[in-house]
$ cat run04.cif   # mmCIF, C-alpha atoms and all ligand atoms
data_target
#
loop_
_atom_site.label_atom_id
_atom_site.label_comp_id
_atom_site.auth_asym_id
_atom_site.auth_seq_id
_atom_site.Cartn_x
_atom_site.Cartn_y
_atom_site.Cartn_z
CA MET A 1 28.79 -29.57 -24.06
CA GLU A 2 30.44 -32.94 -23.49
CA LYS A 3 28.49 -35.46 -21.40
CA GLY A 4 29.46 -35.89 -17.75
CA MET A 5 30.94 -32.38 -17.41
CA LEU A 6 29.95 -32.29 -13.74
CA ALA A 7 30.87 -35.86 -12.82
CA GLY A 8 32.43 -36.05 -9.35
CA LYS A 9 31.07 -32.59 -8.43
CA THR A 10 28.71 -31.80 -5.56
CA GLY A 11 26.14 -29.02 -5.85
CA LEU A 12 23.80 -27.37 -3.36
CA VAL A 13 20.41 -26.41 -4.74
CA PHE A 14 18.34 -23.63 -3.18
CA GLY A 15 14.95 -22.71 -4.63
CA VAL A 16 13.06 -25.79 -5.78
CA ALA A 17 9.37 -25.44 -4.91
CA ASN A 18 7.82 -27.61 -7.62
CA ARG A 19 8.50 -29.02 -11.10
CA ARG A 20 7.97 -25.57 -12.70
CA SER A 21 10.76 -24.02 -10.58
CA ILE A 22 13.75 -22.65 -12.47
CA ALA A 23 15.90 -24.32 -9.78
CA TRP A 24 14.48 -27.69 -10.79
CA ALA A 25 15.33 -27.09 -14.46
CA ILE A 26 18.93 -26.31 -13.53
CA ALA A 27 19.15 -29.14 -10.98
CA GLN A 28 18.04 -31.61 -13.66
CA ALA A 29 20.66 -30.28 -16.07
CA TRP A 30 23.35 -30.51 -13.36
CA ALA A 31 22.30 -34.08 -12.51
CA ALA A 32 22.28 -35.02 -16.20
CA GLN A 33 25.93 -33.94 -16.33
CA GLY A 34 26.76 -36.28 -13.46
CA ALA A 35 26.60 -33.97 -10.42
CA ARG A 36 25.58 -35.15 -6.97
CA LEU A 37 23.03 -32.73 -5.50
CA ILE A 38 21.96 -31.70 -2.00
CA PHE A 39 18.57 -29.97 -1.99
CA SER A 40 17.17 -27.46 0.47
CA TYR A 41 13.52 -26.61 0.90
CA ALA A 42 11.77 -23.66 2.51
CA GLY A 43 9.05 -24.90 4.84
CA ASP A 44 7.28 -28.19 5.51
CA ARG A 45 4.58 -27.39 2.92
CA ILE A 46 6.96 -28.04 0.02
CA ARG A 47 9.11 -30.74 1.58
CA GLY A 48 7.12 -33.54 -0.13
CA ASN A 49 7.50 -31.91 -3.58
CA VAL A 50 11.24 -31.50 -3.23
CA GLU A 51 11.70 -35.01 -1.83
CA GLU A 52 9.76 -36.52 -4.73
CA LEU A 53 11.66 -34.52 -7.35
CA ALA A 54 15.04 -35.31 -5.79
CA ALA A 55 14.12 -39.02 -5.69
CA SER A 56 13.25 -38.95 -9.40
CA LEU A 57 16.94 -38.30 -10.16
CA GLY A 58 17.89 -41.69 -8.67
CA GLY A 59 20.60 -42.27 -6.08
CA GLU A 60 20.53 -41.20 -2.44
CA VAL A 61 18.03 -38.41 -1.68
CA LEU A 62 19.88 -35.61 0.10
CA ILE A 63 17.52 -32.95 1.37
CA ALA A 64 17.29 -30.62 4.38
CA PRO A 65 15.26 -27.55 5.37
CA CYS A 66 16.60 -24.01 5.02
CA ASP A 67 14.59 -20.81 5.34
CA VAL A 68 17.24 -18.31 4.25
CA SER A 69 15.75 -15.54 6.40
CA LYS A 70 16.90 -17.50 9.50
CA ASP A 71 20.60 -17.67 10.37
CA GLU A 72 20.00 -20.76 12.52
CA ASP A 73 18.47 -22.58 9.50
CA ILE A 74 21.53 -21.76 7.41
CA THR A 75 23.83 -23.07 10.16
CA THR A 76 21.83 -26.28 10.54
CA PHE A 77 21.64 -26.79 6.78
CA PHE A 78 25.42 -26.57 6.45
CA GLU A 79 25.90 -28.98 9.35
CA TYR A 80 23.84 -31.42 7.30
CA VAL A 81 25.95 -30.67 4.20
CA LYS A 82 29.17 -31.28 6.16
CA SER A 83 27.81 -34.64 7.34
CA LYS A 84 27.43 -35.67 3.68
CA THR A 85 30.47 -34.17 1.96
CA ASP A 86 33.72 -32.39 2.74
CA ARG A 87 33.72 -30.42 -0.52
CA VAL A 88 31.16 -28.34 -2.38
CA ASP A 89 31.72 -27.38 -6.02
CA MET A 90 28.54 -25.55 -6.99
CA ILE A 91 25.72 -23.55 -5.49
CA LEU A 92 22.47 -22.70 -7.18
CA HIS A 93 20.68 -19.72 -5.61
CA SER A 94 17.23 -19.46 -7.17
CA ILE A 95 15.34 -17.66 -4.43
CA ALA A 96 13.29 -14.48 -4.39
CA PHE A 97 10.41 -13.13 -2.37
CA ALA A 98 8.53 -9.87 -1.89
CA PRO A 99 5.09 -9.33 -0.38
CA LYS A 100 2.39 -9.45 -3.08
CA GLU A 101 1.17 -5.91 -2.41
CA ALA A 102 4.63 -4.58 -3.30
CA LEU A 103 4.46 -6.24 -6.74
CA GLU A 104 1.55 -4.18 -8.03
CA GLY A 105 0.60 -0.54 -8.22
CA GLU A 106 2.93 2.34 -7.46
CA PHE A 107 6.59 1.79 -6.58
CA LEU A 108 6.33 5.00 -4.52
CA ASN A 109 4.10 3.13 -2.08
CA THR A 110 6.68 0.43 -1.30
CA SER A 111 6.73 -0.03 2.47
CA ARG A 112 9.96 -0.23 4.46
CA ASP A 113 9.03 -3.75 5.49
CA ALA A 114 8.43 -4.92 1.92
CA PHE A 115 11.69 -3.33 0.77
CA LEU A 116 13.72 -4.98 3.52
CA THR A 117 12.02 -8.35 3.05
CA ALA A 118 12.78 -8.34 -0.69
CA GLN A 119 16.43 -7.45 -0.07
CA ASN A 120 16.79 -9.91 2.79
CA ILE A 121 15.38 -12.99 1.08
CA SER A 122 16.31 -12.26 -2.54
CA VAL A 123 19.77 -10.69 -2.11
CA TYR A 124 21.30 -11.00 1.35
CA SER A 125 20.63 -14.74 1.25
CA LEU A 126 23.23 -15.14 -1.50
CA ILE A 127 25.89 -13.50 0.66
CA ALA A 128 24.89 -15.45 3.77
CA LEU A 129 24.88 -18.78 1.92
CA MET A 130 28.22 -18.06 0.29
CA ARG A 131 29.79 -17.19 3.65
CA ALA A 132 28.56 -20.46 5.15
CA ALA A 133 29.67 -22.44 2.08
CA SER A 134 33.03 -20.72 1.67
CA PRO A 135 35.15 -23.19 3.74
CA LEU A 136 33.71 -26.08 1.72
CA PHE A 137 34.82 -24.65 -1.62
CA THR A 138 38.26 -26.20 -1.35
CA ASP A 139 38.94 -26.66 -5.07
CA GLY A 140 37.37 -23.66 -6.86
CA GLY A 141 33.76 -23.80 -7.96
CA SER A 142 30.81 -22.07 -9.52
CA VAL A 143 27.86 -20.17 -8.07
CA VAL A 144 24.78 -19.39 -10.14
CA THR A 145 21.93 -17.05 -9.18
CA LEU A 146 18.82 -15.92 -11.04
CA SER A 147 18.03 -12.37 -12.06
CA PHE A 148 15.59 -10.53 -14.29
CA TYR A 149 15.97 -7.55 -16.64
CA GLY A 150 13.72 -5.57 -14.25
CA GLY A 151 16.93 -4.97 -12.28
CA VAL A 152 18.20 -2.80 -15.13
CA LYS A 153 15.09 -1.39 -16.84
CA VAL A 154 11.67 -0.46 -15.51
CA PHE A 155 8.92 -3.10 -15.84
CA PRO A 156 5.46 -2.19 -14.54
CA ASN A 157 4.61 -3.92 -11.23
CA TYR A 158 8.08 -5.51 -10.85
CA ASN A 159 8.83 -2.60 -8.51
CA VAL A 160 10.67 -3.59 -5.35
CA MET A 161 11.93 -6.80 -6.98
CA GLY A 162 13.63 -4.73 -9.68
CA VAL A 163 15.63 -2.94 -7.00
CA ALA A 164 16.43 -6.31 -5.40
CA LYS A 165 17.68 -7.71 -8.73
CA ALA A 166 19.93 -4.66 -9.22
CA ALA A 167 21.41 -5.32 -5.78
CA LEU A 168 21.71 -9.03 -6.58
CA GLU A 169 23.66 -8.36 -9.79
CA ALA A 170 25.95 -5.95 -7.91
CA SER A 171 26.45 -8.59 -5.20
CA VAL A 172 27.44 -11.08 -7.92
CA ARG A 173 30.20 -8.70 -9.02
CA TYR A 174 31.49 -8.09 -5.48
CA LEU A 175 31.45 -11.79 -4.62
CA ALA A 176 33.12 -12.67 -7.93
CA ALA A 177 35.91 -10.16 -7.30
CA GLU A 178 36.52 -11.42 -3.77
CA LEU A 179 36.30 -15.15 -4.49
CA GLY A 180 38.04 -15.10 -7.88
CA PRO A 181 41.53 -15.67 -6.44
CA ARG A 182 40.20 -18.97 -5.04
CA GLN A 183 38.88 -19.87 -8.52
CA ILE A 184 35.29 -19.59 -7.30
CA ARG A 185 33.19 -18.09 -10.09
CA VAL A 186 29.92 -16.25 -9.43
CA ASN A 187 27.45 -15.46 -12.22
CA ALA A 188 23.79 -14.59 -12.70
CA ILE A 189 21.42 -15.84 -15.37
CA SER A 190 18.96 -13.10 -16.29
CA ALA A 191 16.03 -15.18 -17.50
CA GLY A 192 13.11 -14.02 -19.57
CA PRO A 193 9.67 -14.41 -17.97
CA VAL A 194 8.55 -18.00 -17.33
CA ASN A 195 5.34 -19.08 -15.69
CA THR A 196 6.34 -20.24 -12.18
CA LEU A 197 4.94 -19.90 -8.67
CA ALA A 198 7.04 -16.77 -8.00
CA ALA A 199 6.04 -15.23 -11.34
CA ARG A 200 2.35 -15.56 -10.47
CA GLY A 201 2.94 -13.12 -7.61
CA ILE A 202 3.66 -10.34 -10.12
CA ALA A 203 0.57 -8.40 -11.23
CA LYS A 204 -0.31 -8.76 -14.96
CA PHE A 205 2.47 -11.29 -15.52
CA SER A 206 0.75 -12.67 -18.66
CA GLU A 207 1.11 -9.25 -20.33
CA LEU A 208 4.86 -9.49 -19.79
CA LEU A 209 4.95 -12.83 -21.59
CA LYS A 210 3.09 -11.26 -24.51
CA VAL A 211 5.53 -8.32 -24.73
CA TYR A 212 8.45 -10.76 -24.95
CA GLY A 213 6.59 -12.76 -27.62
CA ASP A 214 6.03 -9.59 -29.64
CA ARG A 215 9.48 -7.99 -29.26
CA ALA A 216 12.21 -10.55 -28.56
CA PRO A 217 14.30 -11.39 -31.64
CA LEU A 218 13.50 -15.09 -31.20
CA GLY A 219 9.80 -14.21 -31.00
CA ARG A 220 9.45 -15.71 -27.54
CA THR A 221 10.77 -15.77 -24.03
CA CYS A 222 12.96 -18.71 -22.90
CA GLU A 223 12.08 -22.31 -22.04
CA LEU A 224 12.89 -23.75 -18.60
CA GLU A 225 15.15 -26.29 -20.29
CA GLU A 226 17.18 -23.50 -21.90
CA ILE A 227 17.77 -21.91 -18.50
CA GLY A 228 18.78 -25.37 -17.25
CA GLN A 229 21.34 -25.80 -20.04
CA THR A 230 22.84 -22.36 -19.33
CA GLY A 231 23.02 -23.28 -15.64
CA ALA A 232 24.97 -26.41 -16.57
CA PHE A 233 27.28 -24.40 -18.84
CA LEU A 234 28.00 -21.88 -16.05
CA ALA A 235 28.70 -24.68 -13.56
CA SER A 236 31.06 -26.51 -15.90
CA SER A 237 34.61 -25.90 -17.02
CA ALA A 238 33.18 -24.89 -20.42
CA SER A 239 32.67 -21.43 -18.84
CA SER A 240 35.94 -21.39 -16.87
CA GLY A 241 36.85 -17.87 -18.00
CA ILE A 242 33.52 -16.29 -17.05
CA THR A 243 32.82 -14.67 -13.67
CA GLY A 244 30.90 -11.70 -12.28
CA GLN A 245 28.60 -11.66 -15.30
CA THR A 246 24.88 -11.48 -15.88
CA LEU A 247 24.06 -13.72 -18.82
CA TYR A 248 20.73 -13.14 -20.60
CA VAL A 249 18.60 -16.16 -21.51
CA ASP A 250 15.61 -14.22 -22.76
CA GLY A 251 15.05 -14.81 -26.47
CA GLY A 252 17.25 -11.75 -27.06
CA TYR A 253 14.76 -9.28 -25.56
CA GLU A 254 17.54 -7.37 -23.76
CA ILE A 255 19.05 -6.01 -26.99
CA THR A 256 15.82 -4.45 -28.27
CA GLY A 257 15.32 -0.69 -28.16
CA CYS A 258 11.62 -0.59 -28.95
P1 LIG B 301 9.69 -20.48 -7.69
O1 LIG B 301 8.54 -19.98 -6.89
O2 LIG B 301 9.60 -21.84 -8.23
O3 LIG B 301 11.04 -20.34 -6.87
C1 LIG B 301 11.25 -19.39 -5.85
C2 LIG B 301 11.87 -20.12 -4.69
O4 LIG B 301 12.23 -19.21 -3.65
C3 LIG B 301 10.92 -21.16 -4.09
O5 LIG B 301 11.51 -22.43 -4.11
C4 LIG B 301 10.75 -20.69 -2.66
O6 LIG B 301 10.60 -21.76 -1.75
C5 LIG B 301 12.07 -19.95 -2.46
N1 LIG B 301 12.02 -19.08 -1.29
C6 LIG B 301 11.19 -18.02 -1.05
N2 LIG B 301 11.41 -17.54 0.19
C7 LIG B 301 12.40 -18.31 0.74
C8 LIG B 301 13.06 -18.33 1.99
N3 LIG B 301 12.75 -17.45 2.97
N4 LIG B 301 14.03 -19.26 2.21
C9 LIG B 301 14.36 -20.16 1.24
N5 LIG B 301 13.76 -20.19 0.03
C10 LIG B 301 12.79 -19.28 -0.20
O7 LIG B 301 9.85 -19.41 -8.87
P2 LIG B 301 11.03 -19.19 -9.93
O8 LIG B 301 10.44 -18.32 -10.98
O9 LIG B 301 11.65 -20.48 -10.27
O10 LIG B 301 12.07 -18.27 -9.14
C11 LIG B 301 13.44 -18.60 -8.97
C12 LIG B 301 14.32 -17.39 -9.23
O11 LIG B 301 14.24 -17.05 -10.60
C13 LIG B 301 13.94 -16.13 -8.46
O12 LIG B 301 15.11 -15.47 -8.05
C14 LIG B 301 13.22 -15.32 -9.51
O13 LIG B 301 13.24 -13.93 -9.22
C15 LIG B 301 14.07 -15.64 -10.70
N6 LIG B 301 13.49 -15.32 -12.01
C16 LIG B 301 12.26 -15.76 -12.34
C17 LIG B 301 11.72 -15.43 -13.57
C18 LIG B 301 10.34 -15.89 -13.96
O14 LIG B 301 9.76 -15.30 -14.87
N7 LIG B 301 9.80 -16.90 -13.32
C19 LIG B 301 12.47 -14.67 -14.49
C20 LIG B 301 13.74 -14.25 -14.13
C21 LIG B 301 14.24 -14.58 -12.88
#

$ encode --input "run04.cif" --output "structure tokens" --more "lines below"
Ligand code: NAD
Amino acid sequence: MEKGMLAGKTGLVFGVANRRSIAWAIAQAWAAQGARLIFSYAGDRIRGNVEELAASLGGEVLIAPCDVSKDEDITTFFEYVKSKTDRVDMILHSIAFAPKEALEGEFLNTSRDAFLTAQNISVYSLIALMRAASPLFTDGGSVVTLSFYGGVKVFPNYNVMGVAKAALEASVRYLAAELGPRQIRVNAISAGPVNTLAARGIAKFSELLKVYGDRAPLGRTCELEEIGQTGAFLASSASSGITGQTLYVDGGYEITGC
């Protein structure tokens, strides 16, 4: 990819919690290509982390709170965005949550509350954020979200999050179809397992890493930096013909049969 592919572009970043976050890997890759970024954070506990990381990129630190389960937070966040820019070119949605007890044991025991929480925070948030951002996408753009193969195949303990990822990938297709005429592209990166805060909520996560190491054609899962580079590719004009897709960055695990 040429340098400066995102120069003059403004991106909104949802989902940085710390330096291990996939969102941070993609944000760094976007910034390295010249993008100006506005960061959101979920809750005062992680504000300091996000502020520090955003500052490390240099330039003005643009950061505001947004708990995506609250409509009023989304409204306030976009008021902040509008005070800083009149155009948005990219959105990174790297958010997921399900109660810990729903990410272990039997899927059959998933409670209604856990199911709705997973769908609300991990899926509906993409639709809600896109609706709020829509008027600001005045010159096309690119939206990137994060999925996992557990939305297609069964992975032990992934449970309710697998169903959420299936709904997320379907939402990507519906949004891509609707926003395509405005040249707004919407894609998902289906990443292999990486050790992050969210991943630690999944029971026996280390076994998953081992399975990828044993079976993936590349003999490993992906690196955060590789997800970052794919995020930059999907945001840039290098991927201008791609929308509605789920792109695997997983060491090739997805093609294996056994
Ligand atoms: P992470 O914990 O660093 O990121 C998850 C983010 O979701 C955090 O920043 C958290 O603050 C945010 N979040 C949770 N509830 C929120 C709410 N109500 N409002 C706003 N933000 C909220 O972990 P991660 O692994 O970087 O996860 C990012 C995305 O990548 C998720 O969608 C995850 O499912 C996906 N993913 C992760 C892996 C993996 O192995 N880590 C693999 C494939 C896909």

$ closest_atom_pairs --input "run04.cif" --of "chain A" --to "ligand LIG 301 (chain B)" --cutoff "8 Å" --atoms "only C-alpha atoms and all ligand atoms" --output "JSON lines"
{"residue": "A:Phe14", "atom": "CA", "partner": "B:LIG301", "partner_atom": "N5", "distance": 6.6}
{"residue": "A:Gly15", "atom": "CA", "partner": "B:LIG301", "partner_atom": "O5", "distance": 3.5}
{"residue": "A:Val16", "atom": "CA", "partner": "B:LIG301", "partner_atom": "O5", "distance": 4.1}
{"residue": "A:Ala17", "atom": "CA", "partner": "B:LIG301", "partner_atom": "O5", "distance": 3.8}
{"residue": "A:Asn18", "atom": "CA", "partner": "B:LIG301", "partner_atom": "O2", "distance": 6.1}
{"residue": "A:Arg19", "atom": "CA", "partner": "B:LIG301", "partner_atom": "O2", "distance": 7.8}
{"residue": "A:Arg20", "atom": "CA", "partner": "B:LIG301", "partner_atom": "O2", "distance": 6.0}
{"residue": "A:Ser21", "atom": "CA", "partner": "B:LIG301", "partner_atom": "O2", "distance": 3.4}
{"residue": "A:Ile22", "atom": "CA", "partner": "B:LIG301", "partner_atom": "O9", "distance": 3.7}
{"residue": "A:Ala23", "atom": "CA", "partner": "B:LIG301", "partner_atom": "O9", "distance": 5.7}
{"residue": "A:Trp24", "atom": "CA", "partner": "B:LIG301", "partner_atom": "O9", "distance": 7.8}
{"residue": "A:Ser40", "atom": "CA", "partner": "B:LIG301", "partner_atom": "C9", "distance": 7.9}
{"residue": "A:Tyr41", "atom": "CA", "partner": "B:LIG301", "partner_atom": "O6", "distance": 6.3}
{"residue": "A:Ala42", "atom": "CA", "partner": "B:LIG301", "partner_atom": "C9", "distance": 4.5}
{"residue": "A:Gly43", "atom": "CA", "partner": "B:LIG301", "partner_atom": "O6", "distance": 7.5}
{"residue": "A:Ile46", "atom": "CA", "partner": "B:LIG301", "partner_atom": "O6", "distance": 7.5}
{"residue": "A:Cys66", "atom": "CA", "partner": "B:LIG301", "partner_atom": "C9", "distance": 5.8}
{"residue": "A:Asp67", "atom": "CA", "partner": "B:LIG301", "partner_atom": "N4", "distance": 3.5}
{"residue": "A:Val68", "atom": "CA", "partner": "B:LIG301", "partner_atom": "N4", "distance": 3.9}
{"residue": "A:Ser69", "atom": "CA", "partner": "B:LIG301", "partner_atom": "N3", "distance": 4.9}
{"residue": "A:Lys70", "atom": "CA", "partner": "B:LIG301", "partner_atom": "N3", "distance": 7.7}
{"residue": "A:His93", "atom": "CA", "partner": "B:LIG301", "partner_atom": "O12", "distance": 7.4}
{"residue": "A:Ser94", "atom": "CA", "partner": "B:LIG301", "partner_atom": "C12", "distance": 4.1}
{"residue": "A:Ile95", "atom": "CA", "partner": "B:LIG301", "partner_atom": "O4", "distance": 3.6}
{"residue": "A:Ala96", "atom": "CA", "partner": "B:LIG301", "partner_atom": "O12", "distance": 4.2}
{"residue": "A:Phe97", "atom": "CA", "partner": "B:LIG301", "partner_atom": "C6", "distance": 5.1}
{"residue": "A:Ile121", "atom": "CA", "partner": "B:LIG301", "partner_atom": "N3", "distance": 5.5}
{"residue": "A:Ser122", "atom": "CA", "partner": "B:LIG301", "partner_atom": "O12", "distance": 6.5}
{"residue": "A:Thr145", "atom": "CA", "partner": "B:LIG301", "partner_atom": "O12", "distance": 7.1}
{"residue": "A:Leu146", "atom": "CA", "partner": "B:LIG301", "partner_atom": "O11", "distance": 4.7}
{"residue": "A:Ser147", "atom": "CA", "partner": "B:LIG301", "partner_atom": "C21", "distance": 4.5}
{"residue": "A:Phe148", "atom": "CA", "partner": "B:LIG301", "partner_atom": "C20", "distance": 4.2}
{"residue": "A:Tyr149", "atom": "CA", "partner": "B:LIG301", "partner_atom": "C20", "distance": 7.5}
{"residue": "A:Met161", "atom": "CA", "partner": "B:LIG301", "partner_atom": "O13", "distance": 7.6}
{"residue": "A:Lys165", "atom": "CA", "partner": "B:LIG301", "partner_atom": "O13", "distance": 7.7}
{"residue": "A:Ile189", "atom": "CA", "partner": "B:LIG301", "partner_atom": "C21", "distance": 7.7}
{"residue": "A:Ser190", "atom": "CA", "partner": "B:LIG301", "partner_atom": "C20", "distance": 5.8}
{"residue": "A:Ala191", "atom": "CA", "partner": "B:LIG301", "partner_atom": "C20", "distance": 4.2}
{"residue": "A:Gly192", "atom": "CA", "partner": "B:LIG301", "partner_atom": "C19", "distance": 5.2}
{"residue": "A:Pro193", "atom": "CA", "partner": "B:LIG301", "partner_atom": "O14", "distance": 3.2}
{"residue": "A:Val194", "atom": "CA", "partner": "B:LIG301", "partner_atom": "O14", "distance": 3.8}
{"residue": "A:Asn195", "atom": "CA", "partner": "B:LIG301", "partner_atom": "N7", "distance": 5.5}
{"residue": "A:Thr196", "atom": "CA", "partner": "B:LIG301", "partner_atom": "O8", "distance": 4.7}
{"residue": "A:Leu197", "atom": "CA", "partner": "B:LIG301", "partner_atom": "O1", "distance": 4.0}
{"residue": "A:Ala198", "atom": "CA", "partner": "B:LIG301", "partner_atom": "O1", "distance": 3.7}
{"residue": "A:Ala199", "atom": "CA", "partner": "B:LIG301", "partner_atom": "N7", "distance": 4.6}

$ residues_around --input "run04.cif" --residues "segment 28-30 of chain A" --least-positions-apart "3" --cutoff "9 Å" --atoms "all atoms listed in the file" --output "NGL selection string"
:A and (5-6 or 11 or 23-25 or 33-37 or 57 or 225 or 228-232 or 235)

$ axis_aligned_box --input "run04.cif" --around "segment 39-57 of chain A" --padding-each-side "3 Å" --output "AutoDock Vina command-line options"
--center_x 11.6 --center_y -31.3 --center_z -2.3 --size_x 20.0 --size_y 21.4 --size_z 21.7

$ closest_residue --input "run04.cif" --among "A:Ala32, A:Ala164, A:Ile74, A:Ala7" --to "Gly58 of chain A" --atoms "only C-alpha atoms"
A:Ala32

$ residues_around --input "run04.cif" --residues "Tyr253 of chain A" --least-positions-apart "2" --cutoff "7 Å" --atoms "all atoms listed in the file" --output "number ranges by chain"
A: 212, 215-217, 250-251, 255-256

$ atom_distance --input "run04.cif" --atom1 "atom CA of Ala132 of chain A" --atom2 "atom CA of Phe115 of chain A"
24.4 Å

$ closest_residue --input "run04.cif" --among "A:Ala64, A:Val154, A:Leu168, A:Leu234" --to "Glu79 of chain A" --atoms "all atoms listed in the file"
A:Ala64

$ atom_distance --input "run04.cif" --atom1 "atom CA of Val163 of chain A" --atom2 "atom CA of Gly151 of chain A"
5.8 Å

$ closest_residue --input "run04.cif" --among "A:Ser171, A:Thr246, A:Thr221, A:Thr10" --to "Ile38 of chain A" --atoms "all atoms listed in the file"
A:Thr10

$ atom_distance --input "run04.cif" --atom1 "atom CA of Gln119 of chain A" --atom2 "atom CA of Ala98 of chain A"
8.5 Å
